[in-house]
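Coordinates from work01.pdb are shown below (PDB, C-alpha atoms).
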```
ATOM      1  CA  MET N 382      19.750  -6.563  -1.657
ATOM      2  CA  THR N 383      18.426  -3.502  -3.420
ATOM      3  CA  LYS N 384      17.342  -4.889  -6.782
ATOM      4  CA  LEU N 385      14.305  -6.943  -5.781
ATOM      5  CA  THR N 386      11.334  -6.625  -8.104
ATOM      6  CA  HIS N 387       8.842  -8.984  -6.445
ATOM      7  CA  ILE N 388       8.139  -9.132  -2.706
ATOM      8  CA  ASP N 389       5.303 -11.208  -1.291
ATOM      9  CA  LEU N 390       4.877 -10.738   2.458
ATOM     10  CA  ALA N 391       1.246 -11.889   2.579
ATOM     11  CA  ASP N 392       0.099 -13.535   5.788
ATOM     12  CA  SER N 393       3.316 -12.591   7.565
ATOM     13  CA  SER N 394       1.698 -10.975  10.615
ATOM     14  CA  PHE N 395       4.543  -8.633  11.451
ATOM     15  CA  SER N 396       4.553  -6.959  14.828
ATOM     16  CA  GLU N 397       4.839  -3.188  15.028
ATOM     17  CA  ALA N 398       8.347  -3.657  16.459
ATOM     18  CA  ASN N 399       9.454  -5.084  13.105
ATOM     19  CA  VAL N 400       7.953  -2.305  11.000
ATOM     20  CA  PRO N 401      11.043  -0.014  11.015
ATOM     21  CA  ILE N 402      13.202  -2.883   9.726
ATOM     22  CA  ILE N 403      10.724  -3.733   6.977
ATOM     23  CA  VAL N 404      10.267  -0.086   6.011
ATOM     24  CA  GLU N 405      14.016   0.468   5.818
ATOM     25  CA  ALA N 406      14.475  -2.602   3.622
ATOM     26  CA  LEU N 407      11.591  -1.707   1.290
ATOM     27  CA  ALA N 408      12.757   1.899   0.962
ATOM     28  CA  LYS N 409      15.939   0.612  -0.703
ATOM     29  CA  GLN N 410      14.080  -1.353  -3.383
ATOM     30  CA  SER N 411      14.181   1.069  -6.303
ATOM     31  CA  GLU N 412      13.097  -1.578  -8.831
ATOM     32  CA  LEU N 413      10.198  -3.039  -6.859
ATOM     33  CA  SER N 414       7.205  -3.706  -9.115
ATOM     34  CA  TYR N 415       5.160  -6.171  -7.033
ATOM     35  CA  LEU N 416       4.382  -5.810  -3.330
ATOM     36  CA  ASN N 417       1.867  -8.050  -1.609
ATOM     37  CA  PHE N 418       1.393  -7.080   2.023
ATOM     38  CA  ARG N 419      -2.042  -8.733   2.435
ATOM     39  CA  ASP N 420      -2.698  -9.649   6.070
ATOM     40  CA  GLY N 421       0.731  -8.393   7.077
ATOM     41  CA  GLY N 422      -0.409  -7.401  10.544
ATOM     42  CA  LEU N 423       0.323  -3.710  10.020
ATOM     43  CA  GLU N 424      -1.310  -1.146  12.266
ATOM     44  CA  GLU N 425      -2.096   2.399  11.141
ATOM     45  CA  GLU N 426       1.397   3.742  11.983
ATOM     46  CA  GLY N 427       3.082   0.910  10.091
ATOM     47  CA  ILE N 428       0.972   1.525   7.005
ATOM     48  CA  GLU N 429       1.805   5.217   7.143
ATOM     49  CA  ALA N 430       5.550   4.545   7.532
ATOM     50  CA  LEU N 431       5.523   2.031   4.681
ATOM     51  CA  ALA N 432       3.607   4.403   2.396
ATOM     52  CA  ILE N 433       5.956   7.308   3.168
ATOM     53  CA  ALA N 434       9.074   5.210   2.534
ATOM     54  CA  LEU N 435       7.740   3.887  -0.763
ATOM     55  CA  THR N 436       6.652   7.373  -1.813
ATOM     56  CA  GLU N 437      10.176   8.645  -1.235
ATOM     57  CA  SER N 438      11.814   5.782  -3.156
ATOM     58  CA  SER N 439       9.082   5.827  -5.806
ATOM     59  CA  PRO N 440       9.616   2.306  -7.180
ATOM     60  CA  PRO N 441       7.860   1.306 -10.413
ATOM     61  CA  LEU N 442       5.070  -0.554  -8.577
ATOM     62  CA  VAL N 443       2.651  -2.361 -10.847
ATOM     63  CA  TYR N 444       0.880  -4.341  -8.115
ATOM     64  CA  LEU N 445       0.163  -3.279  -4.533
ATOM     65  CA  ASP N 446      -2.010  -5.220  -2.088
ATOM     66  CA  MET N 447      -2.434  -3.737   1.389
ATOM     67  CA  SER N 448      -5.584  -5.704   2.278
ATOM     68  CA  GLY N 449      -6.284  -7.141   5.676
ATOM     69  CA  ASN N 450      -4.101  -4.654   7.532
ATOM     70  CA  ASP N 451      -5.470  -2.126   9.992
ATOM     71  CA  ALA N 452      -5.715   0.732   7.507
ATOM     72  CA  SER N 453      -7.786   3.607   8.788
ATOM     73  CA  GLU N 454      -8.906   6.985   7.571
ATOM     74  CA  GLU N 455      -5.705   8.524   9.001
ATOM     75  CA  SER N 456      -3.433   6.218   7.002
ATOM     76  CA  LEU N 457      -5.149   7.108   3.714
ATOM     77  CA  GLY N 458      -3.262  10.409   3.359
ATOM     78  CA  PRO N 459       0.187   8.792   3.068
ATOM     79  CA  MET N 460      -1.335   5.978   0.995
ATOM     80  CA  SER N 461      -2.783   8.547  -1.422
ATOM     81  CA  GLU N 462       0.614  10.198  -1.772
ATOM     82  CA  LEU N 463       2.116   6.800  -2.570
ATOM     83  CA  LEU N 464      -0.528   6.181  -5.224
ATOM     84  CA  GLY N 465       0.307   9.530  -6.773
ATOM     85  CA  ALA N 466       4.023   8.697  -6.783
ATOM     86  CA  VAL N 467       3.484   5.379  -8.592
ATOM     87  CA  SER N 468       0.550   6.441 -10.768
ATOM     88  CA  SER N 469       2.477   6.037 -14.021
ATOM     89  CA  THR N 470       3.214   2.351 -13.362
ATOM     90  CA  LEU N 471       0.509   1.066 -10.992
ATOM     91  CA  GLN N 472      -1.965  -1.316 -12.583
ATOM     92  CA  GLU N 473      -3.531  -3.071  -9.609
ATOM     93  CA  PHE N 474      -4.240  -1.695  -6.134
ATOM     94  CA  ILE N 475      -6.135  -3.686  -3.513
ATOM     95  CA  ILE N 476      -7.076  -2.494  -0.028
ATOM     96  CA  ASP N 477     -10.062  -4.574   1.010
ATOM     97  CA  ASP N 478     -10.833  -5.970   4.451
ATOM     98  CA  SER N 479      -9.581  -2.904   6.278
ATOM     99  CA  ASP N 480     -10.863  -0.753   9.132
ATOM    100  CA  ILE N 481     -11.824   2.175   6.929
ATOM    101  CA  MET N 482     -15.344   3.162   7.915
ATOM    102  CA  ASP N 483     -15.959   6.492   6.213
ATOM    103  CA  LEU N 484     -16.677   6.360   2.488
ATOM    104  CA  ASP N 485     -16.474  10.152   2.295
ATOM    105  CA  VAL N 486     -12.845   9.978   3.427
ATOM    106  CA  ILE N 487     -12.141   7.466   0.648
ATOM    107  CA  LYS N 488     -13.724   9.837  -1.864
ATOM    108  CA  GLU N 489     -11.664  12.750  -0.569
ATOM    109  CA  THR N 490      -8.293  10.989  -0.259
ATOM    110  CA  LEU N 491      -7.939   7.833  -2.341
ATOM    111  CA  LEU N 492     -10.139   8.650  -5.319
ATOM    112  CA  PRO N 493      -8.253  11.806  -6.371
ATOM    113  CA  ALA N 494      -4.987   9.843  -6.282
ATOM    114  CA  LEU N 495      -6.512   6.904  -8.124
ATOM    115  CA  SER N 496      -7.829   9.196 -10.846
ATOM    116  CA  LYS N 497      -4.195   9.720 -11.886
ATOM    117  CA  VAL N 498      -3.531   5.976 -12.194
ATOM    118  CA  ARG N 499      -3.542   4.436 -15.643
ATOM    119  CA  VAL N 500      -6.969   3.678 -17.058
ATOM    120  CA  THR N 501      -6.197  -0.039 -17.323
ATOM    121  CA  SER N 502      -5.783  -0.320 -13.582
ATOM    122  CA  ILE N 503      -7.774  -2.639 -11.353
ATOM    123  CA  VAL N 504      -8.722  -1.129  -8.030
ATOM    124  CA  CYS N 505     -10.485  -3.064  -5.285
ATOM    125  CA  ILE N 506     -11.727  -1.178  -2.263
ATOM    126  CA  CYS N 507     -14.275  -3.754  -1.190
ATOM    127  CA  SER N 508     -15.217  -5.380   2.113
ATOM    128  CA  ILE N 509     -14.400  -2.229   4.009
ATOM    129  CA  HIS N 510     -15.880  -2.287   7.503
TER     130      HIS N 510
END
```
Please express what this file holds, its structure, as structure tokens.
Amino acid sequence: MTKLTHIDLADSSFSEANVPIIVEALAKQSELSYLNFRDGGLEEEGIEALAIALTESSPPLVYLDMSGNDASEESLGPMSELLGAVSSTLQEFIIDDSDIMDLDVIKETLLPALSKVRVTSIVCICSIH
């Protein structure tokens, strides 16, 4: 299946061993517009791999929720590149309840990418520990 437009994997709690399979499957979804990965159990490396794969396939994402995963300052670089790749279509991006501790890193990595996203976008970077 390569024509999926809506994927909701919220509360799936994937192990890191499953990440390559998920990344490979998502990388083939060229028409993906909705991806909910809230509380997916991803560690930093999984988030980075997912962001890189989606950046390369550049689907027309409108909605992206990566909340509740173990995002860290290191995973924000690939996530920023993904946001840049989907900036013409993205309308809602949520990454709350993560392990990001440094607000300066958010300002330096995510905010420049988000400044390219459409003005009508909703961005939630709340409840960051």
Open item on the list: Translate the PyMOL selection byres ((chain N and resi 450) around 9) into a concrete residue list for this structure, as a ChimeraX atom specification.
Closed with: /N:418-425,428,447-449,451-452,476-480
Task: Distance in Å - CA of Val400 in chain N versus CA of Thr436 in chain N - done: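 Going from CA of Val400 in chain N over to CA of Thr436 in chain N, I get 16.1 Å.
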- [ ] Between N:Ser414, N:Ser456, N:Ser461, N:Ser496, single out the one closest to Pro441 in chain N, counting all atoms listed in the file.
- [x] N:Ser414
Open item on the list: Would you compute the distance between CA of Tyr415 in chain N and CA of Glu455 in chain N? Give it in Å to one decimal.
Closed with: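 It comes out at 24.3 Å.
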Task: Shortest interatomic distance to Asn399 in chain N - which of N:Ser411, N:Pro459, N:Asp446, N:Leu431, counting only C-alpha atoms - done: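 So, comparing all the options, the nearest one is N:Leu431.
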Task: Interatomic distance, CA of Leu390 in chain N to CA of Glu405 in chain N (Å, one decimal) - done: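 CA of Glu405 in chain N lies 14.8 Å from CA of Leu390 in chain N.
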- [ ] Just say which residues the PyMOL selection byres ((chain N and resi 465) around 12) picks in this file, as an NGL selection string.
- [x] :N and (432-433 or 435-437 or 439-442 or 458-464 or 466-471 or 490-499)
Open item on the list: Nearest residue to Ser438 in chain N out of N:Ser396, N:Thr383, N:Asn417, N:Asp483, using all atoms listed in the file?
Closed with: N:Thr383
Please enclose the listed atoms of range 476-491 of chain N in an axis-aligned box, pad each side by 6 Å, and write out the centre and the three edge lengths in Å, rounded to one decimal, as AutoDock Vina command-line options.
```
--center_x -11.9 --center_y 3.4 --center_z 3.4 --size_x 21.6 --size_y 30.7 --size_z 23.5
```
TODO: Could you tell me which residues the PyMOL selection byres ((chain N and resi 474) around 6) returns for this structure, as a ChimeraX atom specification?
DONE: /N:445-446,473,475,504
